[in-house]
Amino acid sequence: MKKTILTGLRPTGNLHLGHYFGAGKNYLKMQNDYDFYLEIADVQALTDNFDNPEKVRKNIKEITMDLLAIGLDPEKVNFFIQSKIPEIAELTVFYSNLVTVSRLQRNPTVKNEIAQKKELFGNNGESITYGFLGYPVSQAADITCFNGELVPVGDDQLPLLEQCREIVRKFNSIYGETLKEPEQVLSTTTRVKGLDGNEKMGKSLGNAIFLVDDEDTISKKIMGAITDPNKIKKDDPADPDVCMVYYYHKLIDNPNLETVCSECKKGARGCVACKRELIEKMNEFLKPIKEERKKYEDNPELVDKILEDGTKKAKAKAEEQMKNIRKAMKIDY
Ligand code: TRP
């Protein structure tokens with residue numbers, strides 16, 4: 001019996017290199033060995049985009065195409081849409097009795113997000129919505145509705161997984177041993193830095209290269225990337241370790257990396273030339289991904305079918321699991 005993997009992505013935008021190296025590459029490895037459920041978490045995306053449903057709707061297909069473009073195989077991965085599995089919403093309601101409000105308020109991921117969304121939630125979080133505060137509960141339902149055993153996530157998500165395990169333990173202690181405690185699978189690659197040198201590449205930070213960026217956009221972004229600030233003239237020696245251009249040469253495995261490094265250190269390569277080389281290599285790197293994506297862009301009905309089939313399988317699995325859960329809770333009337 002293959003173990004069950006469950007992970008989710010919020011459909012709020014296209015995937016960037018941070019997603020690819022931090023998560024996508026991991027999924028590619030895991031798709032062969034596990035029963036893989038990949039949730040397009042539209043309900044969760046609405047917790048902080050409830051006033052912008054068009055954005056969420058549009059990005060369901062966008063993000064699915066990005067995931068297919070990097071090489072995820074719909075024969076191996078069940079892509080499904082969260083809102084099409086009402087069992088998750090049902091389970092969220094049951095779990096909401098097993099979590100205190102103060103525990104949610106202390107969840108580090110939730111706390112960080114509230115701090116980042118001051119305009120949305122007010123300075124002291126006094127206008128934070130019930131739905132947003134409760135999204136870790138809903139995420140616990142996402143995972144356990146499918147008996148998810150392994151959950152590949154970034155380290156920012158660890159408090160959510162801990163919260164899920166607490167809910168599982170509480171559930172089992174009250175209603176009897178029913179649910180499995182999920183384990184995280186941490187990504188083997190580190191977080192990808194932004195073009196601006198920020199520790200994190202992020203959609204909202206404006207420092208990301210998206211897998212769908214066209215050549216012009218890539219060229220402009222890379223031309224604006226941060227290099228060694230101490231290098232003033234083209235033939236000044238510089239430190240590649242503080243240069244984002246070198247960082248990306250390394251990230252995408254430029255076979256010419258050693259030359260890039262030694263020439264940079266000697267002052268034998270100007271930043272503009274170095275950026276031009278990176279632009280070329282970046283375009284080569286993204287080419288097969290874009291080609292694969294084009295297949296789906298030209299045949300959007302393929303994407304609909306993949307989501308439909310995956311959702312059907314996910315629904316069957318969730319229905320089974322809900323039977324066990326309702327029985328344990330003595331509400332299997
Ligand atoms: N919270 C995750 C994120 O923002 C997305 C997500 C939703 C998720 N449901 C999940 C991740 C279940 C893992 C398991 O990236």
# chains A, B, ... in the order shown; residues from 1 in each chain; ligands from 1

call {"tool": "select_by_dssp", "arguments": {"residues": "stretch 11-210 of chain A", "states": "helix (DSSP H, G or I)", "output": "ChimeraX atom specification"}}
result
/A:17-30,42-47,53-69,82-84,86-98,101-105,108-116,118-121,130-133,135-144,155-175,203-205

call {"tool": "residues_near_ligand", "arguments": {"ligand": "ligand 1", "cutoff": "6 Å", "atoms": "only C-alpha atoms and all ligand atoms", "output": "PyMOL selection string"}}
result
chain A and resi 6-10+41+139+142-143+151+153

call {"tool": "residues_around", "arguments": {"residues": "A:Asp236", "least_positions_apart": "3", "cutoff": "12 Å", "atoms": "only C-alpha atoms", "output": "PyMOL selection string"}}
result
chain A and resi 228-233+239+263-271

call {"tool": "write_last_selection", "arguments": {"atoms": "C-alpha atoms", "output": "CSV table (one decimal), in the first residue's frame"}}
result
chain,number,residue,atom,x,y,z
A,228,ASP,CA,27.8,43.4,-5.5
A,229,PRO,CA,27.3,47.1,-4.4
A,230,ASN,CA,31.1,47.6,-4.1
A,231,LYS,CA,31.6,46.9,-7.8
A,232,ILE,CA,31.5,50.3,-9.4
A,233,LYS,CA,33.4,49.9,-12.7
A,239,ASP,CA,32.3,39.1,-4.6
A,263,GLU,CA,35.9,36.0,-13.9
A,264,CYS,CA,33.7,37.9,-11.4
A,265,LYS,CA,36.3,37.6,-8.7
A,266,LYS,CA,39.1,38.8,-11.0
A,267,GLY,CA,37.1,41.7,-12.5
A,268,ALA,CA,37.2,40.0,-15.9
A,269,ARG,CA,33.4,40.1,-16.4
A,270,GLY,CA,31.2,43.1,-16.3
A,271,CYS,CA,27.8,42.8,-14.6

call {"tool": "closest_residue", "arguments": {"among": "A:Gln82, A:Thr217, A:Thr64, A:Asn198", "to": "A:Met244", "atoms": "only C-alpha atoms"}}
result
A:Asn198

call {"tool": "select_by_dssp", "arguments": {"residues": "stretch 104-288 of chain A", "states": "strand (DSSP E)", "output": "ChimeraX atom specification"}}
result
/A:150-153,183-186

call {"tool": "residues_around", "arguments": {"residues": "stretch 133-136 of chain A", "least_positions_apart": "3", "cutoff": "9 Å", "atoms": "only C-alpha atoms", "output": "MDAnalysis selection string"}}
result
chainID A and resid 44 47 92 96 101 104:105 107 110 128:130 139:141 159:161 163:164

call {"tool": "residues_around", "arguments": {"residues": "A:Gly13", "least_positions_apart": "5", "cutoff": "8 Å", "atoms": "only C-alpha atoms", "output": "list of chain:residue names"}}
result
A:Asn59, A:Glu62, A:Ile63, A:Lys203

call {"tool": "write_last_selection", "arguments": {"atoms": "C-alpha atoms", "output": "CSV table (one decimal), in the first residue's frame"}}
result
chain,number,residue,atom,x,y,z
A,59,ASN,CA,-5.9,31.2,-10.8
A,62,GLU,CA,-3.4,29.0,-14.0
A,63,ILE,CA,-1.8,27.2,-11.1
A,203,LYS,CA,4.6,37.2,-5.4

call {"tool": "closest_residue", "arguments": {"among": "A:Glu199, A:Asp156, A:Glu39, A:Glu90", "to": "A:Thr311", "atoms": "only C-alpha atoms"}}
result
A:Glu39

call {"tool": "closest_residue", "arguments": {"among": "A:Leu38, A:Val212, A:Ala23, A:Val272", "to": "A:Glu297", "atoms": "only C-alpha atoms"}}
result
A:Val212

call {"tool": "closest_residue", "arguments": {"among": "A:Arg57, A:Lys287, A:Lys111, A:Lys313", "to": "A:Asp213", "atoms": "only C-alpha atoms"}}
result
A:Lys287

call {"tool": "atom_distance", "arguments": {"atom1": "atom CA of A:Ile306", "atom2": "atom CA of A:Asn14"}}
result
18.2 Å

call {"tool": "residues_around", "arguments": {"residues": "A:Asp73", "least_positions_apart": "5", "cutoff": "10 Å", "atoms": "only C-alpha atoms", "output": "list in words"}}
result
Leu28, Gln31, Asn32, Leu67, Leu68, Asn78, Phe79 and Ile306 of chain A

call {"tool": "write_last_selection", "arguments": {"atoms": "N, CA, C and O atoms", "output": "PDB file, in the first residue's frame"}}
result
ATOM      1  N   LEU A  28       7.803  16.432  -7.848  1.00  0.00           N
ATOM      2  CA  LEU A  28       8.168  15.613  -9.010  1.00  0.00           C
ATOM      3  C   LEU A  28       8.790  14.298  -8.559  1.00  0.00           C
ATOM      4  O   LEU A  28       8.518  13.244  -9.127  1.00  0.00           O
ATOM      5  N   GLN A  31       5.932  12.015  -6.804  1.00  0.00           N
ATOM      6  CA  GLN A  31       4.732  11.561  -7.514  1.00  0.00           C
ATOM      7  C   GLN A  31       4.790  10.077  -7.894  1.00  0.00           C
ATOM      8  O   GLN A  31       3.757   9.449  -8.094  1.00  0.00           O
ATOM      9  N   ASN A  32       6.006   9.531  -7.977  1.00  0.00           N
ATOM     10  CA  ASN A  32       6.118   8.130  -8.404  1.00  0.00           C
ATOM     11  C   ASN A  32       5.837   7.132  -7.291  1.00  0.00           C
ATOM     12  O   ASN A  32       5.457   6.007  -7.562  1.00  0.00           O
ATOM     13  N   LEU A  67       1.568  23.678 -12.691  1.00  0.00           N
ATOM     14  CA  LEU A  67       1.994  22.425 -12.069  1.00  0.00           C
ATOM     15  C   LEU A  67       2.157  21.310 -13.106  1.00  0.00           C
ATOM     16  O   LEU A  67       3.071  20.487 -13.024  1.00  0.00           O
ATOM     17  N   LEU A  68       1.279  21.308 -14.092  1.00  0.00           N
ATOM     18  CA  LEU A  68       1.412  20.325 -15.167  1.00  0.00           C
ATOM     19  C   LEU A  68       2.646  20.647 -16.007  1.00  0.00           C
ATOM     20  O   LEU A  68       3.378  19.742 -16.436  1.00  0.00           O
ATOM     21  N   ASN A  78      -3.466  13.347  -8.140  1.00  0.00           N
ATOM     22  CA  ASN A  78      -4.876  13.736  -8.223  1.00  0.00           C
ATOM     23  C   ASN A  78      -5.014  15.214  -7.903  1.00  0.00           C
ATOM     24  O   ASN A  78      -4.907  15.621  -6.757  1.00  0.00           O
ATOM     25  N   PHE A  79      -5.227  16.007  -8.932  1.00  0.00           N
ATOM     26  CA  PHE A  79      -5.449  17.439  -8.749  1.00  0.00           C
ATOM     27  C   PHE A  79      -6.917  17.629  -8.392  1.00  0.00           C
ATOM     28  O   PHE A  79      -7.788  17.138  -9.114  1.00  0.00           O
ATOM     29  N   ILE A 306      -8.657  17.060 -16.252  1.00  0.00           N
ATOM     30  CA  ILE A 306      -7.718  16.624 -15.211  1.00  0.00           C
ATOM     31  C   ILE A 306      -8.263  17.000 -13.832  1.00  0.00           C
ATOM     32  O   ILE A 306      -8.245  16.196 -12.895  1.00  0.00           O
TER      33      ILE A 306
END

call {"tool": "residues_around", "arguments": {"residues": "A:Met30", "least_positions_apart": "2", "cutoff": "10 Å", "atoms": "only C-alpha atoms", "output": "list in words"}}
result
Ile5, Gly24, Lys25, Asn26, Tyr27, Leu28, Asn32, Asp33, Tyr34, Asp35, Phe36, Leu72, Lys76, Val77 and Pro152 of chain A

call {"tool": "atom_distance", "arguments": {"atom1": "atom CA of A:Ile70", "atom2": "atom CA of A:Lys250"}}
result
19.4 Å

call {"tool": "closest_residue", "arguments": {"among": "A:Tyr37, A:Ala238, A:Tyr248, A:Val260", "to": "A:Met201", "atoms": "only C-alpha atoms"}}
result
A:Tyr248

call {"tool": "atom_distance", "arguments": {"atom1": "atom CA of A:Ile218", "atom2": "atom CA of A:Pro237"}}
result
26.0 Å
